[in-house]
$ cat target_4.pdb   # PDB, C-alpha atoms, pLDDT in the B column
ATOM      1  CA  MET A 197      29.882 -37.370  30.874  1.00 76.00           C
ATOM      2  CA  THR A 198      30.921 -39.769  28.132  1.00 87.00           C
ATOM      3  CA  GLU A 199      30.101 -39.516  24.441  1.00 87.00           C
ATOM      4  CA  ALA A 200      27.977 -42.651  24.771  1.00 91.00           C
ATOM      5  CA  GLU A 201      25.937 -41.078  27.576  1.00 94.00           C
ATOM      6  CA  ALA A 202      25.319 -37.934  25.520  1.00 93.00           C
ATOM      7  CA  GLU A 203      24.221 -40.031  22.547  1.00 94.00           C
ATOM      8  CA  ALA A 204      21.907 -42.067  24.781  1.00 96.00           C
ATOM      9  CA  VAL A 205      20.171 -38.882  25.935  1.00 96.00           C
ATOM     10  CA  ASP A 206      19.662 -37.790  22.327  1.00 95.00           C
ATOM     11  CA  ALA A 207      18.282 -41.229  21.467  1.00 95.00           C
ATOM     12  CA  TRP A 208      15.870 -41.140  24.399  1.00 97.00           C
ATOM     13  CA  PHE A 209      14.591 -37.678  23.449  1.00 97.00           C
ATOM     14  CA  ALA A 210      14.163 -38.822  19.836  1.00 96.00           C
ATOM     15  CA  ASP A 211      12.106 -41.815  20.956  1.00 97.00           C
ATOM     16  CA  ALA A 212      10.059 -40.032  23.634  1.00 98.00           C
ATOM     17  CA  LEU A 213       9.242 -37.082  21.354  1.00 98.00           C
ATOM     18  CA  SER A 214       8.756 -39.125  18.153  1.00 97.00           C
ATOM     19  CA  LEU A 215      11.392 -37.121  16.289  1.00 97.00           C
ATOM     20  CA  SER A 216      11.754 -39.647  13.472  1.00 96.00           C
ATOM     21  CA  ASP A 217       9.275 -41.084  10.986  1.00 97.00           C
ATOM     22  CA  PRO A 218       9.380 -43.334   7.906  1.00 97.00           C
ATOM     23  CA  ALA A 219      10.183 -40.514   5.451  1.00 97.00           C
ATOM     24  CA  LEU A 220      13.044 -39.186   7.567  1.00 98.00           C
ATOM     25  CA  ASP A 221      14.392 -42.675   8.236  1.00 97.00           C
ATOM     26  CA  ALA A 222      14.199 -43.482   4.526  1.00 98.00           C
ATOM     27  CA  ALA A 223      16.120 -40.315   3.675  1.00 98.00           C
ATOM     28  CA  LEU A 224      18.954 -41.231   6.039  1.00 98.00           C
ATOM     29  CA  ALA A 225      19.021 -44.782   4.688  1.00 98.00           C
ATOM     30  CA  ALA A 226      19.142 -43.530   1.094  1.00 98.00           C
ATOM     31  CA  ASN A 227      21.927 -41.112   1.954  1.00 98.00           C
ATOM     32  CA  ALA A 228      23.977 -43.903   3.512  1.00 97.00           C
ATOM     33  CA  GLU A 229      23.333 -46.258   0.588  1.00 97.00           C
ATOM     34  CA  ALA A 230      24.513 -43.570  -1.840  1.00 97.00           C
ATOM     35  CA  GLY A 231      27.690 -43.027   0.166  1.00 97.00           C
ATOM     36  CA  LEU A 232      26.909 -39.484   1.260  1.00 97.00           C
ATOM     37  CA  PRO A 233      28.850 -38.268   4.305  1.00 95.00           C
ATOM     38  CA  ALA A 234      26.922 -38.822   7.552  1.00 94.00           C
ATOM     39  CA  ILE A 235      26.824 -35.141   8.455  1.00 95.00           C
ATOM     40  CA  ASP A 236      23.069 -34.529   8.461  1.00 96.00           C
ATOM     41  CA  VAL A 237      21.597 -32.626  11.376  1.00 96.00           C
ATOM     42  CA  SER A 238      20.379 -34.858  14.196  1.00 96.00           C
ATOM     43  CA  PRO A 239      16.668 -35.656  14.573  1.00 97.00           C
ATOM     44  CA  ALA A 240      16.443 -33.164  17.448  1.00 96.00           C
ATOM     45  CA  GLN A 241      18.231 -30.457  15.474  1.00 97.00           C
ATOM     46  CA  GLY A 242      16.064 -31.089  12.426  1.00 97.00           C
ATOM     47  CA  LYS A 243      12.925 -30.746  14.511  1.00 98.00           C
ATOM     48  CA  LEU A 244      14.321 -27.528  15.985  1.00 98.00           C
ATOM     49  CA  LEU A 245      14.759 -26.114  12.483  1.00 98.00           C
ATOM     50  CA  GLY A 246      11.127 -26.809  11.698  1.00 98.00           C
ATOM     51  CA  LEU A 247       9.947 -25.309  14.981  1.00 98.00           C
ATOM     52  CA  LEU A 248      12.019 -22.156  14.457  1.00 98.00           C
ATOM     53  CA  ALA A 249      10.570 -21.812  10.962  1.00 98.00           C
ATOM     54  CA  ARG A 250       7.040 -22.111  12.307  1.00 98.00           C
ATOM     55  CA  MET A 251       7.741 -19.674  15.156  1.00 97.00           C
ATOM     56  CA  ALA A 252       9.023 -17.167  12.600  1.00 96.00           C
ATOM     57  CA  GLY A 253       6.000 -17.722  10.348  1.00 97.00           C
ATOM     58  CA  ALA A 254       8.462 -18.343   7.515  1.00 98.00           C
ATOM     59  CA  ARG A 255       6.915 -18.741   4.072  1.00 97.00           C
ATOM     60  CA  ARG A 256      10.113 -18.352   2.031  1.00 98.00           C
ATOM     61  CA  MET A 257      13.225 -20.144   3.218  1.00 98.00           C
ATOM     62  CA  LEU A 258      16.756 -20.438   1.887  1.00 98.00           C
ATOM     63  CA  GLU A 259      19.002 -23.383   2.716  1.00 98.00           C
ATOM     64  CA  ILE A 260      22.687 -23.270   1.788  1.00 98.00           C
ATOM     65  CA  GLY A 261      23.878 -26.880   1.753  1.00 98.00           C
ATOM     66  CA  THR A 262      21.289 -29.542   0.864  1.00 98.00           C
ATOM     67  CA  LEU A 263      23.322 -32.758   1.131  1.00 98.00           C
ATOM     68  CA  GLY A 264      20.678 -35.521   0.902  1.00 98.00           C
ATOM     69  CA  GLY A 265      17.761 -33.315   1.873  1.00 98.00           C
ATOM     70  CA  TYR A 266      17.226 -34.470   5.471  1.00 98.00           C
ATOM     71  CA  SER A 267      17.183 -30.939   6.889  1.00 98.00           C
ATOM     72  CA  THR A 268      15.317 -29.780   3.776  1.00 98.00           C
ATOM     73  CA  ILE A 269      12.474 -32.144   4.648  1.00 98.00           C
ATOM     74  CA  HIS A 270      12.157 -30.526   8.072  1.00 98.00           C
ATOM     75  CA  LEU A 271      12.112 -27.025   6.556  1.00 98.00           C
ATOM     76  CA  ALA A 272       9.678 -27.956   3.781  1.00 98.00           C
ATOM     77  CA  ARG A 273       7.274 -29.492   6.281  1.00 98.00           C
ATOM     78  CA  ALA A 274       7.202 -26.164   8.113  1.00 98.00           C
ATOM     79  CA  VAL A 275       6.276 -24.215   4.982  1.00 96.00           C
ATOM     80  CA  PRO A 276       2.605 -23.158   4.881  1.00 94.00           C
ATOM     81  CA  ASP A 277       0.536 -23.570   1.728  1.00 92.00           C
ATOM     82  CA  GLY A 278       2.011 -21.415  -1.026  1.00 93.00           C
ATOM     83  CA  GLY A 279       5.422 -21.284   0.669  1.00 96.00           C
ATOM     84  CA  ARG A 280       8.748 -22.368  -0.765  1.00 97.00           C
ATOM     85  CA  VAL A 281      12.189 -23.616   0.242  1.00 98.00           C
ATOM     86  CA  VAL A 282      15.095 -22.762  -2.048  1.00 98.00           C
ATOM     87  CA  THR A 283      18.000 -25.105  -1.297  1.00 98.00           C
ATOM     88  CA  LEU A 284      21.486 -24.992  -2.807  1.00 98.00           C
ATOM     89  CA  GLU A 285      23.778 -27.986  -3.352  1.00 98.00           C
ATOM     90  CA  VAL A 286      27.152 -28.064  -5.088  1.00 98.00           C
ATOM     91  CA  ASP A 287      27.328 -31.820  -5.724  1.00 98.00           C
ATOM     92  CA  PRO A 288      25.038 -33.206  -8.477  1.00 98.00           C
ATOM     93  CA  LYS A 289      25.068 -36.683  -6.893  1.00 97.00           C
ATOM     94  CA  HIS A 290      23.946 -35.298  -3.552  1.00 98.00           C
ATOM     95  CA  ALA A 291      21.253 -33.278  -5.299  1.00 98.00           C
ATOM     96  CA  GLU A 292      19.951 -36.376  -7.097  1.00 98.00           C
ATOM     97  CA  VAL A 293      19.625 -38.237  -3.790  1.00 98.00           C
ATOM     98  CA  ALA A 294      17.947 -35.210  -2.195  1.00 98.00           C
ATOM     99  CA  ARG A 295      15.394 -34.932  -5.006  1.00 98.00           C
ATOM    100  CA  ALA A 296      14.432 -38.576  -4.538  1.00 98.00           C
ATOM    101  CA  ASN A 297      14.157 -38.144  -0.767  1.00 98.00           C
ATOM    102  CA  LEU A 298      11.984 -35.059  -1.138  1.00 98.00           C
ATOM    103  CA  ALA A 299       9.744 -36.767  -3.691  1.00 98.00           C
ATOM    104  CA  ARG A 300       9.346 -39.791  -1.409  1.00 98.00           C
ATOM    105  CA  ALA A 301       8.357 -37.454   1.432  1.00 98.00           C
ATOM    106  CA  GLY A 302       5.748 -35.776  -0.805  1.00 97.00           C
ATOM    107  CA  LEU A 303       7.521 -32.403  -0.648  1.00 98.00           C
ATOM    108  CA  ALA A 304       9.044 -31.966  -4.106  1.00 97.00           C
ATOM    109  CA  GLU A 305       6.606 -29.211  -5.114  1.00 96.00           C
ATOM    110  CA  ARG A 306       7.566 -27.106  -2.089  1.00 97.00           C
ATOM    111  CA  VAL A 307      11.297 -27.151  -2.848  1.00 98.00           C
ATOM    112  CA  ASP A 308      13.411 -25.409  -5.488  1.00 98.00           C
ATOM    113  CA  LEU A 309      16.714 -27.333  -5.479  1.00 98.00           C
ATOM    114  CA  ARG A 310      19.514 -25.577  -7.346  1.00 98.00           C
ATOM    115  CA  VAL A 311      22.794 -27.276  -8.208  1.00 98.00           C
ATOM    116  CA  GLY A 312      26.076 -25.405  -8.423  1.00 98.00           C
ATOM    117  CA  ARG A 313      28.612 -23.485  -6.406  1.00 97.00           C
ATOM    118  CA  ALA A 314      26.603 -21.714  -3.710  1.00 97.00           C
ATOM    119  CA  LEU A 315      28.184 -18.310  -4.224  1.00 97.00           C
ATOM    120  CA  ASP A 316      27.202 -18.517  -7.898  1.00 97.00           C
ATOM    121  CA  THR A 317      23.637 -19.645  -7.205  1.00 97.00           C
ATOM    122  CA  LEU A 318      23.302 -16.978  -4.514  1.00 98.00           C
ATOM    123  CA  ALA A 319      24.386 -14.342  -7.024  1.00 97.00           C
ATOM    124  CA  ALA A 320      21.780 -15.688  -9.450  1.00 97.00           C
ATOM    125  CA  LEU A 321      19.098 -15.467  -6.762  1.00 97.00           C
ATOM    126  CA  GLU A 322      20.026 -11.843  -6.101  1.00 96.00           C
ATOM    127  CA  ALA A 323      19.925 -11.083  -9.819  1.00 96.00           C
ATOM    128  CA  GLU A 324      16.455 -12.623 -10.012  1.00 95.00           C
ATOM    129  CA  GLY A 325      15.249 -10.501  -7.110  1.00 95.00           C
ATOM    130  CA  ALA A 326      14.432 -13.715  -5.264  1.00 94.00           C
ATOM    131  CA  GLY A 327      14.460 -12.274  -1.755  1.00 87.00           C
ATOM    132  CA  PRO A 328      13.660 -11.444   0.832  1.00 97.00           C
ATOM    133  CA  PHE A 329      13.673 -14.767   2.627  1.00 98.00           C
ATOM    134  CA  ASP A 330      12.086 -15.213   6.044  1.00 98.00           C
ATOM    135  CA  LEU A 331      14.631 -17.778   7.237  1.00 98.00           C
ATOM    136  CA  VAL A 332      18.118 -18.710   6.031  1.00 98.00           C
ATOM    137  CA  PHE A 333      19.826 -21.920   7.175  1.00 98.00           C
ATOM    138  CA  VAL A 334      23.544 -22.195   6.387  1.00 98.00           C
ATOM    139  CA  ASP A 335      25.148 -25.631   6.602  1.00 98.00           C
ATOM    140  CA  ALA A 336      27.743 -25.758   3.840  1.00 97.00           C
ATOM    141  CA  ASP A 337      31.510 -25.316   3.479  1.00 97.00           C
ATOM    142  CA  LYS A 338      32.658 -23.411   6.537  1.00 98.00           C
ATOM    143  CA  PRO A 339      35.482 -21.379   4.911  1.00 98.00           C
ATOM    144  CA  SER A 340      32.808 -19.583   2.851  1.00 98.00           C
ATOM    145  CA  ASN A 341      30.627 -18.722   5.866  1.00 98.00           C
ATOM    146  CA  PRO A 342      31.537 -14.999   5.910  1.00 98.00           C
ATOM    147  CA  HIS A 343      30.528 -14.760   2.241  1.00 98.00           C
ATOM    148  CA  TYR A 344      27.309 -16.650   2.941  1.00 98.00           C
ATOM    149  CA  LEU A 345      26.492 -14.189   5.708  1.00 98.00           C
ATOM    150  CA  ALA A 346      26.949 -11.229   3.371  1.00 98.00           C
ATOM    151  CA  CYS A 347      24.703 -12.857   0.760  1.00 98.00           C
ATOM    152  CA  ALA A 348      22.113 -13.834   3.350  1.00 98.00           C
ATOM    153  CA  LEU A 349      21.891 -10.265   4.593  1.00 98.00           C
ATOM    154  CA  ARG A 350      21.300  -8.980   1.070  1.00 97.00           C
ATOM    155  CA  LEU A 351      18.513 -11.545   0.664  1.00 98.00           C
ATOM    156  CA  SER A 352      16.910 -10.757   4.037  1.00 98.00           C
ATOM    157  CA  ARG A 353      14.493  -8.284   5.555  1.00 97.00           C
ATOM    158  CA  PRO A 354      13.949  -7.004   9.100  1.00 98.00           C
ATOM    159  CA  GLY A 355      12.755 -10.060  11.002  1.00 98.00           C
ATOM    160  CA  THR A 356      14.571 -12.666   8.913  1.00 98.00           C
ATOM    161  CA  VAL A 357      15.997 -15.527  10.990  1.00 98.00           C
ATOM    162  CA  LEU A 358      19.582 -16.631  10.213  1.00 98.00           C
ATOM    163  CA  ILE A 359      20.947 -19.984  11.429  1.00 98.00           C
ATOM    164  CA  PHE A 360      24.566 -21.121  11.005  1.00 98.00           C
ATOM    165  CA  ASP A 361      25.320 -24.748  11.897  1.00 98.00           C
ATOM    166  CA  ASN A 362      28.514 -26.364  13.230  1.00 97.00           C
ATOM    167  CA  VAL A 363      29.994 -23.299  14.915  1.00 98.00           C
ATOM    168  CA  VAL A 364      31.735 -24.986  17.880  1.00 97.00           C
ATOM    169  CA  ARG A 365      34.009 -27.390  15.963  1.00 96.00           C
ATOM    170  CA  GLU A 366      34.656 -29.606  19.007  1.00 95.00           C
ATOM    171  CA  GLY A 367      35.777 -26.465  20.860  1.00 96.00           C
ATOM    172  CA  ALA A 368      38.330 -25.455  18.231  1.00 97.00           C
ATOM    173  CA  VAL A 369      36.438 -22.229  17.521  1.00 98.00           C
ATOM    174  CA  VAL A 370      38.281 -20.557  20.421  1.00 97.00           C
ATOM    175  CA  ASP A 371      41.697 -21.256  18.853  1.00 98.00           C
ATOM    176  CA  ALA A 372      42.755 -17.991  17.246  1.00 97.00           C
ATOM    177  CA  ALA A 373      45.928 -19.646  15.927  1.00 98.00           C
ATOM    178  CA  SER A 374      44.137 -22.499  14.148  1.00 97.00           C
ATOM    179  CA  ALA A 375      45.155 -23.145  10.550  1.00 97.00           C
ATOM    180  CA  ASP A 376      42.027 -25.252   9.934  1.00 97.00           C
ATOM    181  CA  ALA A 377      40.090 -23.441   7.207  1.00 98.00           C
ATOM    182  CA  SER A 378      36.751 -24.497   8.706  1.00 98.00           C
ATOM    183  CA  VAL A 379      37.707 -23.059  12.088  1.00 98.00           C
ATOM    184  CA  VAL A 380      39.012 -19.871  10.479  1.00 98.00           C
ATOM    185  CA  GLY A 381      35.775 -19.456   8.504  1.00 98.00           C
ATOM    186  CA  THR A 382      33.641 -20.151  11.546  1.00 98.00           C
ATOM    187  CA  ARG A 383      35.522 -17.655  13.718  1.00 98.00           C
ATOM    188  CA  ALA A 384      35.257 -15.068  10.938  1.00 98.00           C
ATOM    189  CA  VAL A 385      31.494 -15.430  10.547  1.00 98.00           C
ATOM    190  CA  ILE A 386      30.835 -15.290  14.298  1.00 98.00           C
ATOM    191  CA  GLU A 387      32.950 -12.147  14.570  1.00 98.00           C
ATOM    192  CA  ALA A 388      31.179 -10.655  11.535  1.00 98.00           C
ATOM    193  CA  ILE A 389      27.796 -11.395  13.103  1.00 98.00           C
ATOM    194  CA  GLY A 390      28.978  -9.696  16.286  1.00 98.00           C
ATOM    195  CA  ARG A 391      30.013  -6.572  14.363  1.00 98.00           C
ATOM    196  CA  GLU A 392      26.837  -6.348  12.269  1.00 98.00           C
ATOM    197  CA  LYS A 393      24.604  -3.763  13.939  1.00 97.00           C
ATOM    198  CA  ARG A 394      21.509  -5.112  12.164  1.00 97.00           C
ATOM    199  CA  LEU A 395      21.818  -8.486  13.876  1.00 98.00           C
ATOM    200  CA  SER A 396      20.728  -9.604  17.331  1.00 98.00           C
ATOM    201  CA  ALA A 397      22.430 -12.959  17.821  1.00 98.00           C
ATOM    202  CA  THR A 398      23.537 -15.766  20.087  1.00 98.00           C
ATOM    203  CA  ALA A 399      25.456 -19.036  19.766  1.00 98.00           C
ATOM    204  CA  ILE A 400      24.554 -22.266  21.552  1.00 97.00           C
ATOM    205  CA  GLN A 401      26.747 -25.285  22.254  1.00 96.00           C
ATOM    206  CA  THR A 402      25.216 -28.734  21.732  1.00 95.00           C
ATOM    207  CA  LEU A 403      26.276 -32.221  22.813  1.00 93.00           C
ATOM    208  CA  GLY A 404      24.846 -35.478  21.562  1.00 93.00           C
ATOM    209  CA  VAL A 405      24.874 -37.730  18.511  1.00 92.00           C
ATOM    210  CA  LYS A 406      26.649 -34.986  16.538  1.00 91.00           C
ATOM    211  CA  GLY A 407      29.397 -34.704  19.136  1.00 92.00           C
ATOM    212  CA  TRP A 408      30.375 -31.359  20.658  1.00 95.00           C
ATOM    213  CA  ASP A 409      29.166 -28.637  18.339  1.00 96.00           C
ATOM    214  CA  GLY A 410      26.513 -25.923  18.164  1.00 97.00           C
ATOM    215  CA  PHE A 411      24.785 -23.284  16.101  1.00 98.00           C
ATOM    216  CA  ALA A 412      24.492 -19.512  15.822  1.00 98.00           C
ATOM    217  CA  LEU A 413      21.054 -17.905  15.685  1.00 98.00           C
ATOM    218  CA  ALA A 414      20.366 -14.325  14.651  1.00 98.00           C
ATOM    219  CA  ILE A 415      17.469 -12.053  13.738  1.00 98.00           C
ATOM    220  CA  VAL A 416      17.866  -9.236  11.232  1.00 98.00           C
ATOM    221  CA  GLY A 417      16.845  -5.797  12.440  1.00 97.00           C
ATOM    222  CA  GLU A 418      16.484  -2.408  10.776  1.00 89.00           C
ATOM    223  CA  ALA A 419      19.511  -0.966   8.979  1.00 75.00           C
TER     224      ALA A 419
END
$ encode --input "target_4.pdb" --output "structure tokens"
Amino acid sequence: MTEAEAEAVDAWFADALSLSDPALDAALAANAEAGLPAIDVSPAQGKLLGLLARMAGARRMLEIGTLGGYSTIHLARAVPDGGRVVTLEVDPKHAEVARANLARAGLAERVDLRVGRALDTLAALEAEGAGPFDLVFVDADKPSNPHYLACALRLSRPGTVLIFDNVVREGAVVDAASADASVVGTRAVIEAIGREKRLSATAIQTLGVKGWDGFALAIVGEA
């Protein structure tokens, strides 16, 4: 299988299942125009996020890593009336683009976008008593993933869904000798998830427009 073949399959699924729409396309275009890195989830992955949120009946969601708000749109669309998505972004420029994308999609009132270092904004959320969240999606700097897991657990309840993106790293996740900080952080969070008795978890490899990667999925159980 070639990379082009994998991308063609993703493109066919996206077309056959109508995974894109004007608001999502406009968000990607705005992100590109603003010079944001092209690291958004794929259309299929974004739709999966929304489906998982609906399956979980999630009313309160936490996203760590907003970028331009493409994945945030998918999560916010899954929120029922009265629900809320809290999304955290370190870069003010990215946050400005995301706010415009969310407003264009008619979702601004469903989203609380907070700007700053995620570990600081997570601490502020804990201090506010903001949890528990029903779903937590983590797609930010990978070296901090173990810290994000610890914070997510403190902001969760039994039944909370946790999703960590980009856990395969083109297969580098199996390299115990890697000096790549993103690989080290990814290995550490997967191992921490495996040790955490409250979590029932799996990890899935994906192949397509985002290359060879994958995500970890877990549900929080009783302490």
$ closest_atom_pairs --input "target_4.pdb" --of "range 209-279 of chain A" --to "range 287-306 of chain A" --cutoff "8 Å" --atoms "all atoms listed in the file" --output "Markdown table"
| residue | atom | partner | partner_atom | distance |
| --- | --- | --- | --- | --- |
| A:Ala219 | CA | A:Ala301 | CA | 5.4 |
| A:Leu220 | CA | A:Ala301 | CA | 7.9 |
| A:Ala222 | CA | A:Asn297 | CA | 7.5 |
| A:Ala223 | CA | A:Asn297 | CA | 5.3 |
| A:Ala226 | CA | A:Val293 | CA | 7.2 |
| A:Asn227 | CA | A:Val293 | CA | 6.8 |
| A:Ala230 | CA | A:Val293 | CA | 7.5 |
| A:Leu232 | CA | A:His290 | CA | 7.0 |
| A:Thr262 | CA | A:Ala291 | CA | 7.2 |
| A:Leu263 | CA | A:His290 | CA | 5.4 |
| A:Gly264 | CA | A:Ala294 | CA | 4.1 |
| A:Gly265 | CA | A:Ala294 | CA | 4.5 |
| A:Tyr266 | CA | A:Ala294 | CA | 7.7 |
| A:Thr268 | CA | A:Leu298 | CA | 7.9 |
| A:Ile269 | CA | A:Leu298 | CA | 6.5 |
| A:Ala272 | CA | A:Arg306 | CA | 6.3 |
| A:Arg273 | CA | A:Leu303 | CA | 7.5 |
| A:Val275 | CA | A:Arg306 | CA | 7.7 |
| A:Gly279 | CA | A:Arg306 | CA | 6.8 |
$ atom_distance --input "target_4.pdb" --atom1 "CA of Leu245 in chain A" --atom2 "CA of Met257 in chain A"
11.1 Å
$ atom_distance --input "target_4.pdb" --atom1 "CA of Asp371 in chain A" --atom2 "CA of Val357 in chain A"
27.5 Å
$ resolve_selection --input "target_4.pdb" --expression "the PyMOL selection byres ((chain A and resi 407) around 9)" --output "PDB file with C-alpha atoms, in the frame of the given file"
ATOM      1  CA  GLU A 199      30.101 -39.516  24.441  1.00 87.00           C
ATOM      2  CA  ALA A 202      25.319 -37.934  25.520  1.00 93.00           C
ATOM      3  CA  GLU A 203      24.221 -40.031  22.547  1.00 94.00           C
ATOM      4  CA  GLU A 366      34.656 -29.606  19.007  1.00 95.00           C
ATOM      5  CA  THR A 402      25.216 -28.734  21.732  1.00 95.00           C
ATOM      6  CA  LEU A 403      26.276 -32.221  22.813  1.00 93.00           C
ATOM      7  CA  GLY A 404      24.846 -35.478  21.562  1.00 93.00           C
ATOM      8  CA  VAL A 405      24.874 -37.730  18.511  1.00 92.00           C
ATOM      9  CA  LYS A 406      26.649 -34.986  16.538  1.00 91.00           C
ATOM     10  CA  TRP A 408      30.375 -31.359  20.658  1.00 95.00           C
ATOM     11  CA  ASP A 409      29.166 -28.637  18.339  1.00 96.00           C
TER      12      ASP A 409
END
$ resolve_selection --input "target_4.pdb" --expression "the PyMOL selection byres ((chain A and resi 387) around 12)" --output "list in words"
Asn341, Pro342, Leu345, Val363, Val369, Val370, Ala372, Val380, Gly381, Thr382, Arg383, Ala384, Val385, Ile386, Ala388, Ile389, Gly390, Arg391, Glu392, Lys393, Leu395, Ala397, Thr398, Ala399 and Ala412 of chain A
$ residues_around --input "target_4.pdb" --residues "Asp308 in chain A" --least-positions-apart "3" --cutoff "9 Å" --atoms "all atoms listed in the file" --output "ChimeraX atom specification"
/A:280-284,304-305
$ closest_residue --input "target_4.pdb" --among "A:Leu248, A:Gly325, A:Gln241, A:Ser267" --to "Leu224 in chain A" --atoms "only C-alpha atoms"
A:Ser267
$ resolve_selection --input "target_4.pdb" --expression "the PyMOL selection byres ((chain A and resi 358) around 10)" --output "PyMOL selection string"
chain A and resi 258+329-334+345+348-349+352+355-357+359-360+395+397+412-416
$ atom_distance --input "target_4.pdb" --atom1 "CA of Asp217 in chain A" --atom2 "CA of Leu247 in chain A"
16.3 Å
$ closest_residue --input "target_4.pdb" --among "A:Ile400, A:Val286, A:Ala234, A:Leu215" --to "His270 in chain A" --atoms "only C-alpha atoms"
A:Leu215
$ residues_around --input "target_4.pdb" --residues "Leu315 in chain A" --least-positions-apart "5" --cutoff "9 Å" --atoms "all atoms listed in the file" --output "PyMOL selection string"
chain A and resi 320+340+343-344+347
$ closest_residue --input "target_4.pdb" --among "A:Leu309, A:Ala204, A:Ala326, A:Leu318" --to "Ala346 in chain A" --atoms "only C-alpha atoms"
A:Leu318
$ closest_residue --input "target_4.pdb" --among "A:Gly410, A:Val379, A:Ala373, A:Gly417" --to "Arg353 in chain A" --atoms "all atoms listed in the file"
A:Gly417
$ build_atoms --input "target_4.pdb" --residues "range 322-336 of chain A" --atoms "N, CA, C and O atoms" --output "PDB file, keeping the file's coordinate frame"
ATOM      1  N   GLU A 322      20.065 -13.304  -6.253  1.00 96.00           N
ATOM      2  CA  GLU A 322      20.026 -11.843  -6.101  1.00 96.00           C
ATOM      3  C   GLU A 322      19.647 -11.178  -7.413  1.00 96.00           C
ATOM      4  O   GLU A 322      18.843 -10.235  -7.432  1.00 96.00           O
ATOM      5  N   ALA A 323      20.218 -11.673  -8.509  1.00 96.00           N
ATOM      6  CA  ALA A 323      19.925 -11.083  -9.819  1.00 96.00           C
ATOM      7  C   ALA A 323      18.458 -11.262 -10.193  1.00 96.00           C
ATOM      8  O   ALA A 323      17.863 -10.419 -10.865  1.00 96.00           O
ATOM      9  N   GLU A 324      17.867 -12.365  -9.739  1.00 95.00           N
ATOM     10  CA  GLU A 324      16.455 -12.623 -10.012  1.00 95.00           C
ATOM     11  C   GLU A 324      15.531 -11.801  -9.124  1.00 95.00           C
ATOM     12  O   GLU A 324      14.322 -11.764  -9.356  1.00 95.00           O
ATOM     13  N   GLY A 325      16.085 -11.181  -8.091  1.00 95.00           N
ATOM     14  CA  GLY A 325      15.249 -10.501  -7.110  1.00 95.00           C
ATOM     15  C   GLY A 325      14.478 -11.482  -6.268  1.00 95.00           C
ATOM     16  O   GLY A 325      13.312 -11.248  -5.903  1.00 95.00           O
ATOM     17  N   ALA A 326      15.128 -12.616  -5.931  1.00 94.00           N
ATOM     18  CA  ALA A 326      14.432 -13.715  -5.264  1.00 94.00           C
ATOM     19  C   ALA A 326      14.059 -13.418  -3.818  1.00 94.00           C
ATOM     20  O   ALA A 326      13.137 -14.019  -3.291  1.00 94.00           O
ATOM     21  N   GLY A 327      14.757 -12.539  -3.163  1.00 87.00           N
ATOM     22  CA  GLY A 327      14.460 -12.274  -1.755  1.00 87.00           C
ATOM     23  C   GLY A 327      13.258 -11.356  -1.599  1.00 87.00           C
ATOM     24  O   GLY A 327      12.630 -10.966  -2.590  1.00 87.00           O
ATOM     25  N   PRO A 328      12.943 -10.995  -0.359  1.00 97.00           N
ATOM     26  CA  PRO A 328      13.660 -11.444   0.832  1.00 97.00           C
ATOM     27  C   PRO A 328      13.137 -12.785   1.330  1.00 97.00           C
ATOM     28  O   PRO A 328      11.979 -13.128   1.130  1.00 97.00           O
ATOM     29  N   PHE A 329      14.048 -13.524   1.989  1.00 98.00           N
ATOM     30  CA  PHE A 329      13.673 -14.767   2.627  1.00 98.00           C
ATOM     31  C   PHE A 329      13.349 -14.507   4.090  1.00 98.00           C
ATOM     32  O   PHE A 329      13.875 -13.587   4.707  1.00 98.00           O
ATOM     33  N   ASP A 330      12.483 -15.351   4.639  1.00 98.00           N
ATOM     34  CA  ASP A 330      12.086 -15.213   6.044  1.00 98.00           C
ATOM     35  C   ASP A 330      13.017 -15.962   6.986  1.00 98.00           C
ATOM     36  O   ASP A 330      13.119 -15.625   8.163  1.00 98.00           O
ATOM     37  N   LEU A 331      13.683 -16.990   6.451  1.00 98.00           N
ATOM     38  CA  LEU A 331      14.631 -17.778   7.237  1.00 98.00           C
ATOM     39  C   LEU A 331      15.725 -18.276   6.317  1.00 98.00           C
ATOM     40  O   LEU A 331      15.441 -18.715   5.185  1.00 98.00           O
ATOM     41  N   VAL A 332      16.965 -18.211   6.789  1.00 98.00           N
ATOM     42  CA  VAL A 332      18.118 -18.710   6.031  1.00 98.00           C
ATOM     43  C   VAL A 332      18.894 -19.672   6.924  1.00 98.00           C
ATOM     44  O   VAL A 332      19.308 -19.306   8.023  1.00 98.00           O
ATOM     45  N   PHE A 333      19.066 -20.910   6.449  1.00 98.00           N
ATOM     46  CA  PHE A 333      19.826 -21.920   7.175  1.00 98.00           C
ATOM     47  C   PHE A 333      21.095 -22.218   6.401  1.00 98.00           C
ATOM     48  O   PHE A 333      21.044 -22.612   5.232  1.00 98.00           O
ATOM     49  N   VAL A 334      22.250 -22.023   7.046  1.00 98.00           N
ATOM     50  CA  VAL A 334      23.544 -22.195   6.387  1.00 98.00           C
ATOM     51  C   VAL A 334      24.257 -23.398   6.988  1.00 98.00           C
ATOM     52  O   VAL A 334      24.595 -23.410   8.177  1.00 98.00           O
ATOM     53  N   ASP A 335      24.474 -24.410   6.166  1.00 98.00           N
ATOM     54  CA  ASP A 335      25.148 -25.631   6.602  1.00 98.00           C
ATOM     55  C   ASP A 335      25.945 -26.171   5.425  1.00 98.00           C
ATOM     56  O   ASP A 335      25.673 -27.247   4.904  1.00 98.00           O
ATOM     57  N   ALA A 336      26.944 -25.400   5.013  1.00 97.00           N
ATOM     58  CA  ALA A 336      27.743 -25.758   3.840  1.00 97.00           C
ATOM     59  C   ALA A 336      29.227 -25.638   4.198  1.00 97.00           C
ATOM     60  O   ALA A 336      29.593 -25.783   5.360  1.00 97.00           O
TER      61      ALA A 336
END
